[in-house]
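Undergrad: My structure is stored as start19.tsv, with TSV, C-alpha atoms and all ligand atoms.
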```
chain	number	residue	atom	x	y	z
A	1	MET	CA	64.65	103.64	119.59
A	2	PRO	CA	66.41	107.02	119.80
A	3	PHE	CA	70.06	107.23	120.82
A	4	ASP	CA	71.06	109.78	123.40
A	5	THR	CA	72.13	111.76	120.32
A	6	GLY	CA	68.44	111.93	119.50
A	7	LYS	CA	69.02	110.03	116.28
A	8	PRO	CA	67.02	106.89	115.47
A	9	GLU	CA	68.78	103.56	115.67
A	10	MET	CA	68.58	101.13	112.75
A	11	SER	CA	67.00	97.85	113.79
A	12	ALA	CA	68.33	94.52	112.48
A	13	GLU	CA	65.24	94.19	110.31
A	14	GLU	CA	65.59	97.72	108.88
A	15	PHE	CA	69.24	96.98	108.15
A	16	ARG	CA	68.32	93.80	106.29
A	17	LEU	CA	65.65	95.57	104.22
A	18	LEU	CA	67.86	98.49	103.29
A	19	ARG	CA	70.90	96.33	102.62
A	20	ASP	CA	68.95	94.00	100.32
A	21	PHE	CA	67.38	96.92	98.53
A	22	VAL	CA	70.75	98.54	97.84
A	23	TYR	CA	72.20	95.21	96.76
A	24	GLY	CA	69.30	94.58	94.38
A	25	HIS	CA	69.76	97.96	92.76
A	26	CYS	CA	73.51	98.23	92.30
A	27	GLY	CA	75.14	95.01	93.49
A	28	ILE	CA	76.94	96.69	96.36
A	29	LEU	CA	77.09	94.35	99.28
A	30	VAL	CA	76.91	96.03	102.66
A	31	ARG	CA	78.48	93.47	104.99
A	32	ASP	CA	76.63	92.25	108.07
A	33	ASP	CA	79.04	94.06	110.37
A	34	MET	CA	78.38	97.38	108.65
A	35	LYS	CA	75.03	98.23	110.20
A	36	PHE	CA	76.50	101.12	112.18
A	37	VAL	CA	78.34	102.46	109.13
A	38	MET	CA	75.11	102.35	107.13
A	39	GLN	CA	73.19	103.96	109.96
A	40	ARG	CA	75.74	106.78	110.32
A	41	ARG	CA	75.88	107.46	106.58
A	42	LEU	CA	72.10	107.53	106.17
A	43	TRP	CA	71.24	109.61	109.24
A	44	PRO	CA	71.66	112.88	107.32
A	45	ARG	CA	69.11	111.65	104.76
A	46	LEU	CA	66.47	111.05	107.45
A	47	GLU	CA	67.13	114.52	108.75
A	48	VAL	CA	66.84	116.13	105.29
A	49	LEU	CA	63.61	114.26	104.56
A	50	GLY	CA	62.13	114.83	108.02
A	51	LEU	CA	61.75	111.10	108.73
A	52	THR	CA	61.88	109.71	112.23
A	53	ASP	CA	63.03	106.14	111.61
A	54	PHE	CA	64.67	103.88	109.04
A	55	SER	CA	61.45	101.98	108.27
A	56	SER	CA	59.99	105.24	106.96
A	57	TYR	CA	63.16	105.76	104.96
A	58	TYR	CA	62.85	102.29	103.46
A	59	ARG	CA	59.21	103.02	102.50
A	60	TYR	CA	60.32	106.33	101.00
A	61	LEU	CA	62.93	104.53	98.86
A	62	ARG	CA	60.32	102.05	97.66
A	63	PHE	CA	57.23	104.14	97.11
A	64	ASP	CA	57.79	107.90	97.18
A	65	ALA	CA	57.55	109.88	93.93
A	66	GLN	CA	61.15	111.03	94.55
A	67	ARG	CA	62.39	107.48	95.17
A	68	ARG	CA	64.75	107.29	92.17
A	69	ALA	CA	66.62	110.45	93.11
A	70	GLU	CA	66.76	109.40	96.75
A	71	LEU	CA	68.11	105.97	95.88
A	72	GLU	CA	70.95	107.63	93.99
A	73	THR	CA	71.68	109.82	97.00
A	74	ALA	CA	71.66	106.78	99.30
A	75	ILE	CA	74.03	104.85	97.00
A	76	GLU	CA	76.20	107.93	96.93
A	77	ALA	CA	76.39	107.93	100.72
A	78	LEU	CA	77.31	104.24	100.81
A	79	THR	CA	80.00	104.06	98.12
A	80	THR	CA	83.59	105.23	97.95
A	81	HIS	CA	84.95	107.05	94.95
A	82	GLU	CA	88.65	106.93	95.79
A	83	THR	CA	90.75	107.34	92.63
A	84	TYR	CA	93.67	109.34	91.20
A	85	PHE	CA	95.61	109.84	87.98
A	86	PHE	CA	98.15	107.18	86.94
A	87	ARG	CA	96.94	104.70	89.55
A	88	GLU	CA	98.64	101.26	89.39
A	89	PRO	CA	101.71	102.12	87.29
A	90	ARG	CA	102.82	98.56	86.56
A	91	GLN	CA	99.53	97.82	84.87
A	92	LEU	CA	99.61	101.10	82.98
A	93	LYS	CA	103.11	100.25	81.76
A	94	ALA	CA	101.81	96.92	80.45
A	95	PHE	CA	98.93	98.74	78.80
A	96	SER	CA	101.20	101.32	77.13
A	97	GLU	CA	104.05	99.09	76.12
A	98	GLU	CA	102.26	95.86	75.26
A	99	VAL	CA	98.50	96.26	74.92
A	100	LEU	CA	98.46	99.47	72.87
A	101	PRO	CA	100.96	98.21	70.24
A	102	ARG	CA	98.82	95.07	69.82
A	103	LEU	CA	95.69	97.18	69.42
A	104	GLU	CA	97.46	99.37	66.90
A	105	ARG	CA	98.28	96.28	64.81
A	106	ARG	CA	94.81	94.78	65.19
A	107	ASN	CA	92.96	97.96	64.21
A	108	ALA	CA	95.43	99.24	61.59
A	109	ARG	CA	92.77	98.95	58.90
A	110	THR	CA	89.89	100.67	60.69
A	111	LYS	CA	92.07	103.16	62.61
A	112	ARG	CA	89.50	103.07	65.36
A	113	LEU	CA	90.13	102.65	69.09
A	114	ARG	CA	87.44	102.29	71.78
A	115	ILE	CA	88.30	102.09	75.46
A	116	TRP	CA	85.89	101.93	78.38
A	117	SER	CA	86.59	102.97	81.96
A	118	ALA	CA	83.77	101.16	83.81
A	119	GLY	CA	83.24	102.63	87.29
A	120	CYS	CA	85.33	105.67	86.38
A	121	SER	CA	84.50	107.74	89.47
A	122	SER	CA	85.56	111.37	88.96
A	123	GLY	CA	87.30	110.67	85.65
A	124	GLU	CA	90.98	110.35	86.52
A	125	GLU	CA	91.20	106.82	85.10
A	126	ALA	CA	89.54	107.69	81.77
A	127	TYR	CA	91.76	110.75	81.31
A	128	THR	CA	94.86	108.77	82.31
A	129	VAL	CA	94.06	106.21	79.62
A	130	ALA	CA	93.58	108.96	77.04
A	131	MET	CA	96.94	110.47	78.06
A	132	LEU	CA	98.67	107.10	77.64
A	133	VAL	CA	97.11	106.66	74.21
A	134	LYS	CA	98.29	110.15	73.23
A	135	ASP	CA	101.74	109.54	74.79
A	136	SER	CA	102.23	106.39	72.75
A	137	GLY	CA	102.18	108.46	69.55
A	138	ARG	CA	100.58	105.48	67.78
A	139	PHE	CA	97.07	106.75	67.28
A	140	ASP	CA	97.43	110.25	65.85
A	141	GLY	CA	94.74	110.78	63.24
A	142	TRP	CA	92.76	107.77	64.52
A	143	ASP	CA	89.16	107.77	65.62
A	144	VAL	CA	89.75	107.42	69.38
A	145	GLU	CA	87.00	107.29	72.02
A	146	VAL	CA	87.42	106.77	75.75
A	147	HIS	CA	84.13	106.25	77.58
A	148	GLY	CA	83.90	106.72	81.33
A	149	THR	CA	80.78	105.45	83.11
A	150	ASP	CA	79.69	105.44	86.73
A	151	ILE	CA	76.54	105.00	88.79
A	152	SER	CA	77.13	108.28	90.66
A	153	ARG	CA	76.00	111.44	88.88
A	154	ARG	CA	77.91	113.54	91.38
A	155	VAL	CA	81.32	112.12	90.43
A	156	LEU	CA	80.39	112.23	86.73
A	157	ALA	CA	79.81	115.98	87.05
A	158	VAL	CA	83.35	116.34	88.44
A	159	ALA	CA	84.68	114.15	85.63
A	160	ARG	CA	83.02	116.29	82.96
A	161	GLN	CA	84.43	119.43	84.49
A	162	GLY	CA	87.92	117.90	84.37
A	163	GLU	CA	89.44	120.06	87.09
A	164	TYR	CA	91.51	118.53	89.87
A	165	GLY	CA	93.58	119.33	92.95
A	166	PRO	CA	96.74	117.88	94.51
A	167	SER	CA	95.17	114.68	95.80
A	168	ALA	CA	94.16	113.56	92.29
A	169	LEU	CA	97.68	114.31	91.07
A	170	ARG	CA	99.62	112.58	93.83
A	171	ALA	CA	101.05	109.95	91.47
A	172	THR	CA	101.44	112.17	88.40
A	173	ALA	CA	104.96	113.07	87.28
A	174	PRO	CA	105.66	116.82	86.80
A	175	ASP	CA	106.41	116.36	83.09
A	176	LYS	CA	102.97	114.80	82.62
A	177	ILE	CA	101.33	117.65	84.50
A	178	ALA	CA	103.12	120.10	82.22
A	179	ARG	CA	102.08	118.18	79.10
A	180	TYR	CA	98.47	117.32	79.81
A	181	PHE	CA	97.06	119.95	82.18
A	182	ASP	CA	96.47	123.70	82.24
A	183	HIS	CA	96.84	125.51	85.55
A	184	VAL	CA	93.57	127.10	86.65
A	185	GLY	CA	94.56	128.09	90.20
A	186	PRO	CA	97.53	127.89	92.56
A	187	THR	CA	96.96	124.17	93.20
A	188	ARG	CA	94.30	123.32	90.63
A	189	VAL	CA	94.69	122.04	87.09
A	190	ARG	CA	92.38	121.26	84.19
A	191	VAL	CA	92.81	118.44	81.69
A	192	ARG	CA	93.81	119.92	78.32
A	193	ASP	CA	91.29	120.04	75.51
A	194	ASP	CA	93.13	117.65	73.17
A	195	ILE	CA	92.77	114.92	75.81
A	196	ARG	CA	89.22	115.91	76.75
A	197	SER	CA	88.11	115.72	73.13
A	198	TRP	CA	88.62	111.93	73.22
A	199	VAL	CA	86.80	111.34	76.49
A	200	THR	CA	83.06	111.26	77.22
A	201	PHE	CA	81.20	110.36	80.40
A	202	ALA	CA	77.83	108.69	80.88
A	203	HIS	CA	75.71	107.46	83.73
A	204	GLN	CA	75.51	103.69	83.98
A	205	ASN	CA	74.62	101.08	86.55
A	206	LEU	CA	76.87	98.13	85.78
A	207	GLN	CA	74.28	95.81	87.34
A	208	ASP	CA	71.66	96.92	84.88
A	209	PRO	CA	72.76	96.46	81.26
A	210	GLU	CA	69.68	98.37	80.11
A	211	THR	CA	71.11	101.64	81.46
A	212	GLY	CA	73.74	103.82	79.94
A	213	LEU	CA	76.49	103.00	77.53
A	214	LEU	CA	75.15	102.16	74.10
A	215	VAL	CA	78.56	101.93	72.50
A	216	SER	CA	79.94	98.43	72.17
A	217	ARG	CA	82.91	96.76	70.47
A	218	MET	CA	85.35	97.96	73.11
A	219	ASP	CA	89.01	97.17	72.41
A	220	ALA	CA	89.94	97.49	76.06
A	221	VAL	CA	87.99	97.81	79.29
A	222	PHE	CA	89.33	99.09	82.59
A	223	CYS	CA	87.13	97.92	85.44
A	224	ARG	CA	89.32	98.57	88.45
A	225	ASN	CA	88.37	98.66	92.10
A	226	VAL	CA	84.65	98.46	91.40
A	227	MET	CA	83.87	94.76	91.74
A	228	ILE	CA	85.49	94.64	95.18
A	229	TYR	CA	82.18	96.02	96.50
A	230	PHE	CA	80.09	93.26	94.88
A	231	ASP	CA	79.47	89.66	95.84
A	232	THR	CA	80.03	86.76	93.44
A	233	PRO	CA	76.69	86.82	91.55
A	234	ALA	CA	76.92	90.60	91.14
A	235	ARG	CA	80.50	90.33	89.87
A	236	GLN	CA	79.44	87.67	87.41
A	237	ARG	CA	76.63	89.89	86.09
A	238	VAL	CA	79.09	92.74	85.51
A	239	LEU	CA	81.59	90.46	83.80
A	240	ARG	CA	78.95	89.09	81.41
A	241	HIS	CA	77.92	92.64	80.56
A	242	ILE	CA	81.52	93.70	79.95
A	243	TYR	CA	82.17	90.59	77.87
A	244	ASP	CA	79.21	91.44	75.63
A	245	LYS	CA	80.55	94.94	75.04
A	246	MET	CA	84.03	93.80	73.96
A	247	VAL	CA	85.51	92.81	70.62
A	248	PRO	CA	86.97	89.30	70.44
A	249	GLY	CA	90.63	89.74	71.35
A	250	GLY	CA	89.85	92.83	73.48
A	251	TYR	CA	91.63	93.36	76.78
A	252	LEU	CA	90.17	93.56	80.29
A	253	LEU	CA	92.17	95.27	83.02
A	254	LEU	CA	91.13	94.78	86.65
A	255	GLY	CA	92.39	96.38	89.87
A	256	HIS	CA	95.58	94.92	91.34
A	257	SER	CA	93.70	93.08	94.10
A	258	GLU	CA	91.12	91.62	91.71
A	259	ASN	CA	91.09	88.52	89.53
A	260	LEU	CA	88.62	86.23	87.78
A	261	ILE	CA	89.36	83.06	89.73
A	262	ASN	CA	86.05	81.29	90.40
A	263	LEU	CA	84.21	84.13	88.66
A	264	SER	CA	84.46	83.68	84.93
A	265	ALA	CA	86.01	81.25	82.50
A	266	ASP	CA	85.05	83.46	79.56
A	267	PHE	CA	88.28	85.45	79.58
A	268	GLU	CA	91.81	84.14	79.10
A	269	LEU	CA	94.73	85.26	81.21
A	270	VAL	CA	97.54	86.92	79.27
A	271	HIS	CA	101.04	87.10	80.78
A	272	LEU	CA	102.62	90.35	79.70
A	273	ARG	CA	106.13	91.42	80.73
A	274	SER	CA	104.94	93.98	83.29
A	275	ASP	CA	101.62	92.55	84.41
A	276	LEU	CA	98.84	90.03	83.95
A	277	VAL	CA	95.78	91.11	82.00
A	278	TYR	CA	92.68	89.33	80.72
A	279	ARG	CA	91.46	89.00	77.17
A	280	LYS	CA	88.21	88.00	75.52
A	281	PRO	CA	89.25	85.07	73.30
A	282	GLU	CA	89.41	85.51	69.56
A	283	LEU	CA	86.51	83.97	67.66
A	284	GLY	CA	87.29	80.27	67.39
A	285	GLY	CA	89.38	80.41	70.55
A	286	GLY	CA	92.70	81.29	68.87
A	287	LEU	CA	95.43	82.81	71.02
A	288	ALA	CA	96.75	85.38	68.55
A	289	PRO	CA	98.65	88.27	70.20
A	301	LIG	C1	86.82	103.15	94.12
A	301	LIG	S1	86.06	103.83	92.72
A	301	LIG	C2	87.18	103.24	91.45
A	301	LIG	C3	87.56	104.30	90.45
A	301	LIG	C4	88.55	103.88	89.38
A	301	LIG	N1	88.05	102.78	88.59
A	301	LIG	C5	89.89	103.54	89.98
A	301	LIG	O1	90.22	102.35	90.09
A	301	LIG	O2	90.63	104.44	90.36
A	301	LIG	C6	84.62	102.78	92.50
A	301	LIG	C7	83.55	103.41	91.63
A	301	LIG	O3	82.59	102.40	91.26
A	301	LIG	C8	81.33	103.02	91.18
A	301	LIG	N2	80.27	102.00	91.25
A	301	LIG	C9	79.88	101.26	92.32
A	301	LIG	N3	78.85	100.47	91.99
A	301	LIG	C10	78.58	100.69	90.68
A	301	LIG	C11	77.61	100.17	89.77
A	301	LIG	N4	76.71	99.24	90.14
A	301	LIG	N5	77.62	100.65	88.51
A	301	LIG	C12	78.52	101.58	88.12
A	301	LIG	N6	79.46	102.10	88.93
A	301	LIG	C13	79.48	101.67	90.20
A	301	LIG	C14	81.31	103.98	92.36
A	301	LIG	O4	80.34	105.00	92.18
A	301	LIG	C15	82.76	104.49	92.35
A	301	LIG	O5	82.88	105.72	91.68
```
Let me see the file written as C-alpha cells.
TA:
Amino acid sequence: MPFDTGKPEMSAEEFRLLRDFVYGHCGILVRDDMKFVMQRRLWPRLEVLGLTDFSSYYRYLRFDAQRRAELETAIEALTTHETYFFREPRQLKAFSEEVLPRLERRNARTKRLRIWSAGCSSGEEAYTVAMLVKDSGRFDGWDVEVHGTDISRRVLAVARQGEYGPSALRATAPDKIARYFDHVGPTRVRVRDDIRSWVTFAHQNLQDPETGLLVSRMDAVFCRNVMIYFDTPARQRVLRHIYDKMVPGGYLLLGHSENLINLSADFELVHLRSDLVYRKPELGGGLAP
C-alpha cells in the first residue's frame, strides 16, 4: 500500500522474507523493530530497479540474473562501516606491548608474521595494525602480511586506495600522521607505501568459509565490531571459521563490547596488563605465553 510519499510500504510478510534472506546470506540480523529502517534503506533500490513493491524486490533478489550484485548492494544499504585509525587504544597497547613481543619470540625461527583484520571496513584497522608492527621495530626484515577482508566491495575499494580524511584520523596522534601518511590535499592523507606494502585486501563473507581468504595460519586476528550484528549461531559460525585459520597459540582480539561468553569454549582468555584478549590454545592445551 503506497504511503502519501508515494513509496510502497513493506508488509510484515515482506519484512520477514527479506530479513531471513539477508540473515541467511551474511548472518546480519535485522531486528524485528527495524522494519521501517529496512524499508527506508531499501526504497532507493526499488526506485533504481523500477519495482513497485517489496515482494517484487524479494523475487528480484532470489531469481534475477543480476541477483548477486543486487544482494551486495542491499547488504551495503543495511550495514554500517563505522571505523577509524587507532580505534580502542587500550587494546592496541596490549597488542603492541604484550602480544607482538610474544609473537616475535614464537616466530623467531620462521621470521614470518600473519595478521588478519576480519571485517576491516575501509581499511583503517588493517593499516593501524601494520603501523603498530612497524612501530614496534621488532619485525624489520621479516615476512609480514596483514590481510583485511570485508563483505562490502565498496569499502574494500576505499581500503585499497588508502586515502583518508579527518574523520578517519580523529584518534591519530600528529606524530603518527607525520610518520605514516603523505599529505595528498589540505585535509586528506594517504597511507605511506612502506605500510601499504604489508597490507592486502580481499572480499570475504565471514558466514561463508568458501569465499575469500585462502591464507591460513594467522598469528593474530582482529575481528572487532563485526559480530555485534550477528545472532548467536552466526557468531559461532564466524568463530569456528576464525579458529580454523589460526595457528595454535594465536591471538584473537574482539571489539571492546564483545566477548565469547556462551559463544565458544575453543579459545582461552588471556589477562594482559592493559587488556583481555583471547588465544587459540597451544596443541595439547598448554598455556605457554
Ligand atoms: C562497524 S565495521 C567494523 C570495522 C573495524 N573492524 C573496526 O572495528 O573499526 C563492520 C564491518 O563488518 C562488515 N561485515 C558485516 N557482515 C559481514 C560478513 N558476513 N562478512 C564479512 N564482513 C562483514 C561490514 O561490511 C563492515 O564493514
Undergrad: Please write out the residues within 9 Å of ligand LIG 301 (chain A) as a PyMOL selection string, counting only C-alpha atoms and all ligand atoms.
TA: chain A and resi 23+25-28+75-76+79-88+117-126+149-156+203-208+222-230+234+238+254-255
Undergrad: What lies within 9 Å of range 39-45 of chain A using all atoms listed in the file, ignoring chain neighbours under 6 positions off, as a PyMOL selection string?
TA: chain A and resi 7-10+15+51+54+57+70+73-74+77-78
Undergrad: Just checking: using only C-alpha atoms, which residue out of A:Leu169, A:Ile115, A:Ala108, A:Ile242 ends up closest to Asp140 in chain A?
TA: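 Between A:Leu169, A:Ile115, A:Ala108, A:Ile242, the residue approaching Asp140 in chain A most closely is A:Ala108.
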Undergrad: One number please: CA of Thr110 in chain A to CA of Glu282 in chain A, in Å, one decimal.
TA: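 Going from CA of Thr110 in chain A over to CA of Glu282 in chain A covers 17.6 Å.
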Undergrad: Output as lines of an AutoDock Vina configuration file the centre and edge lengths (Å, one decimal) of the box along x, y and z of the file that holds every listed atom of range 143-149 of chain A after adding 5 Å on each side.
TA:
```
center_x = 85.3
center_y = 106.6
center_z = 74.4
size_x = 19.0
size_y = 12.3
size_z = 27.5
```
Undergrad: Can you tell me, as number ranges by chain, what residues are no more than 12 Å from range 190-198 of chain A when counting all atoms listed in the file, ignoring any on the same chain fewer than 6 positions away?
TA: A: 85, 112-116, 123-124, 126-135, 139-148, 158-166, 168-169, 176-184
Undergrad: Restricting the output to C-alpha atoms, write the selected residues as a PDB file, in the frame of the given file.
TA:
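Okay, selection.pdb is ready:
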```
ATOM      1  CA  PHE A  85      95.610 109.840  87.980  1.00  0.00           C
ATOM      2  CA  ARG A 112      89.500 103.070  65.360  1.00  0.00           C
ATOM      3  CA  LEU A 113      90.130 102.650  69.090  1.00  0.00           C
ATOM      4  CA  ARG A 114      87.440 102.290  71.780  1.00  0.00           C
ATOM      5  CA  ILE A 115      88.300 102.090  75.460  1.00  0.00           C
ATOM      6  CA  TRP A 116      85.890 101.930  78.380  1.00  0.00           C
ATOM      7  CA  GLY A 123      87.300 110.670  85.650  1.00  0.00           C
ATOM      8  CA  GLU A 124      90.980 110.350  86.520  1.00  0.00           C
ATOM      9  CA  ALA A 126      89.540 107.690  81.770  1.00  0.00           C
ATOM     10  CA  TYR A 127      91.760 110.750  81.310  1.00  0.00           C
ATOM     11  CA  THR A 128      94.860 108.770  82.310  1.00  0.00           C
ATOM     12  CA  VAL A 129      94.060 106.210  79.620  1.00  0.00           C
ATOM     13  CA  ALA A 130      93.580 108.960  77.040  1.00  0.00           C
ATOM     14  CA  MET A 131      96.940 110.470  78.060  1.00  0.00           C
ATOM     15  CA  LEU A 132      98.670 107.100  77.640  1.00  0.00           C
ATOM     16  CA  VAL A 133      97.110 106.660  74.210  1.00  0.00           C
ATOM     17  CA  LYS A 134      98.290 110.150  73.230  1.00  0.00           C
ATOM     18  CA  ASP A 135     101.740 109.540  74.790  1.00  0.00           C
ATOM     19  CA  PHE A 139      97.070 106.750  67.280  1.00  0.00           C
ATOM     20  CA  ASP A 140      97.430 110.250  65.850  1.00  0.00           C
ATOM     21  CA  GLY A 141      94.740 110.780  63.240  1.00  0.00           C
ATOM     22  CA  TRP A 142      92.760 107.770  64.520  1.00  0.00           C
ATOM     23  CA  ASP A 143      89.160 107.770  65.620  1.00  0.00           C
ATOM     24  CA  VAL A 144      89.750 107.420  69.380  1.00  0.00           C
ATOM     25  CA  GLU A 145      87.000 107.290  72.020  1.00  0.00           C
ATOM     26  CA  VAL A 146      87.420 106.770  75.750  1.00  0.00           C
ATOM     27  CA  HIS A 147      84.130 106.250  77.580  1.00  0.00           C
ATOM     28  CA  GLY A 148      83.900 106.720  81.330  1.00  0.00           C
ATOM     29  CA  VAL A 158      83.350 116.340  88.440  1.00  0.00           C
ATOM     30  CA  ALA A 159      84.680 114.150  85.630  1.00  0.00           C
ATOM     31  CA  ARG A 160      83.020 116.290  82.960  1.00  0.00           C
ATOM     32  CA  GLN A 161      84.430 119.430  84.490  1.00  0.00           C
ATOM     33  CA  GLY A 162      87.920 117.900  84.370  1.00  0.00           C
ATOM     34  CA  GLU A 163      89.440 120.060  87.090  1.00  0.00           C
ATOM     35  CA  TYR A 164      91.510 118.530  89.870  1.00  0.00           C
ATOM     36  CA  GLY A 165      93.580 119.330  92.950  1.00  0.00           C
ATOM     37  CA  PRO A 166      96.740 117.880  94.510  1.00  0.00           C
ATOM     38  CA  ALA A 168      94.160 113.560  92.290  1.00  0.00           C
ATOM     39  CA  LEU A 169      97.680 114.310  91.070  1.00  0.00           C
ATOM     40  CA  LYS A 176     102.970 114.800  82.620  1.00  0.00           C
ATOM     41  CA  ILE A 177     101.330 117.650  84.500  1.00  0.00           C
ATOM     42  CA  ALA A 178     103.120 120.100  82.220  1.00  0.00           C
ATOM     43  CA  ARG A 179     102.080 118.180  79.100  1.00  0.00           C
ATOM     44  CA  TYR A 180      98.470 117.320  79.810  1.00  0.00           C
ATOM     45  CA  PHE A 181      97.060 119.950  82.180  1.00  0.00           C
ATOM     46  CA  ASP A 182      96.470 123.700  82.240  1.00  0.00           C
ATOM     47  CA  HIS A 183      96.840 125.510  85.550  1.00  0.00           C
ATOM     48  CA  VAL A 184      93.570 127.100  86.650  1.00  0.00           C
TER      49      VAL A 184
END
```
Undergrad: Report the distance between CA of Phe21 in chain A and CA of Ser264 in chain A in Å, rounded to one decimal place.
TA: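 Result for CA of Phe21 in chain A versus CA of Ser264 in chain A: 25.5 Å, one decimal.
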Undergrad: One decimal, Å: what's the distance from CA of Val37 in chain A over to CA of Arg235 in chain A, could you say?
TA: 22.9 Å
Undergrad: Determine the nearest neighbour of Met218 in chain A from the options A:Leu276, A:Ile261, A:Ala171, A:Leu103, counting all atoms listed in the file.
TA: A:Leu103
Undergrad: Please return range 186-203 of chain A, rebuilt to N, CA and C atoms, as a PDB file, keeping the file's coordinate frame.
TA:
```
ATOM      1  N   PRO A 186      96.222 128.193  91.975  1.00  0.00           N
ATOM      2  CA  PRO A 186      97.530 127.890  92.560  1.00  0.00           C
ATOM      3  C   PRO A 186      97.782 126.383  92.688  1.00  0.00           C
ATOM      4  N   THR A 187      96.742 125.616  93.057  1.00  0.00           N
ATOM      5  CA  THR A 187      96.960 124.170  93.200  1.00  0.00           C
ATOM      6  C   THR A 187      95.972 123.378  92.351  1.00  0.00           C
ATOM      7  N   ARG A 188      95.308 124.034  91.429  1.00  0.00           N
ATOM      8  CA  ARG A 188      94.300 123.320  90.630  1.00  0.00           C
ATOM      9  C   ARG A 188      94.668 123.316  89.151  1.00  0.00           C
ATOM     10  N   VAL A 189      94.375 122.177  88.520  1.00  0.00           N
ATOM     11  CA  VAL A 189      94.690 122.040  87.090  1.00  0.00           C
ATOM     12  C   VAL A 189      93.440 121.558  86.355  1.00  0.00           C
ATOM     13  N   ARG A 190      93.487 121.724  85.027  1.00  0.00           N
ATOM     14  CA  ARG A 190      92.380 121.260  84.190  1.00  0.00           C
ATOM     15  C   ARG A 190      92.967 120.431  83.055  1.00  0.00           C
ATOM     16  N   VAL A 191      92.337 119.307  82.777  1.00  0.00           N
ATOM     17  CA  VAL A 191      92.810 118.440  81.690  1.00  0.00           C
ATOM     18  C   VAL A 191      92.709 119.211  80.371  1.00  0.00           C
ATOM     19  N   ARG A 192      93.772 119.117  79.555  1.00  0.00           N
ATOM     20  CA  ARG A 192      93.810 119.920  78.320  1.00  0.00           C
ATOM     21  C   ARG A 192      92.788 119.411  77.298  1.00  0.00           C
ATOM     22  N   ASP A 193      92.398 120.329  76.431  1.00  0.00           N
ATOM     23  CA  ASP A 193      91.290 120.040  75.510  1.00  0.00           C
ATOM     24  C   ASP A 193      91.589 118.894  74.545  1.00  0.00           C
ATOM     25  N   ASP A 194      92.861 118.736  74.121  1.00  0.00           N
ATOM     26  CA  ASP A 194      93.130 117.650  73.170  1.00  0.00           C
ATOM     27  C   ASP A 194      92.870 116.285  73.802  1.00  0.00           C
ATOM     28  N   ILE A 195      93.085 116.167  75.105  1.00  0.00           N
ATOM     29  CA  ILE A 195      92.770 114.920  75.810  1.00  0.00           C
ATOM     30  C   ILE A 195      91.264 114.822  76.018  1.00  0.00           C
ATOM     31  N   ARG A 196      90.669 115.916  76.463  1.00  0.00           N
ATOM     32  CA  ARG A 196      89.220 115.910  76.750  1.00  0.00           C
ATOM     33  C   ARG A 196      88.402 115.556  75.511  1.00  0.00           C
ATOM     34  N   SER A 197      88.906 115.941  74.339  1.00  0.00           N
ATOM     35  CA  SER A 197      88.110 115.720  73.130  1.00  0.00           C
ATOM     36  C   SER A 197      87.933 114.209  72.837  1.00  0.00           C
ATOM     37  N   TRP A 198      88.769 113.385  73.423  1.00  0.00           N
ATOM     38  CA  TRP A 198      88.620 111.930  73.220  1.00  0.00           C
ATOM     39  C   TRP A 198      87.708 111.275  74.247  1.00  0.00           C
ATOM     40  N   VAL A 199      87.426 111.991  75.326  1.00  0.00           N
ATOM     41  CA  VAL A 199      86.800 111.340  76.490  1.00  0.00           C
ATOM     42  C   VAL A 199      85.363 111.819  76.691  1.00  0.00           C
ATOM     43  N   THR A 200      84.441 110.881  76.883  1.00  0.00           N
ATOM     44  CA  THR A 200      83.060 111.260  77.220  1.00  0.00           C
ATOM     45  C   THR A 200      82.633 110.466  78.463  1.00  0.00           C
ATOM     46  N   PHE A 201      81.657 111.015  79.172  1.00  0.00           N
ATOM     47  CA  PHE A 201      81.200 110.360  80.400  1.00  0.00           C
ATOM     48  C   PHE A 201      79.699 110.124  80.334  1.00  0.00           C
ATOM     49  N   ALA A 202      79.263 109.011  80.879  1.00  0.00           N
ATOM     50  CA  ALA A 202      77.830 108.690  80.880  1.00  0.00           C
ATOM     51  C   ALA A 202      77.465 107.957  82.161  1.00  0.00           C
ATOM     52  N   HIS A 203      76.212 108.150  82.550  1.00  0.00           N
ATOM     53  CA  HIS A 203      75.710 107.460  83.730  1.00  0.00           C
ATOM     54  C   HIS A 203      75.410 106.010  83.376  1.00  0.00           C
TER      55      HIS A 203
END
```
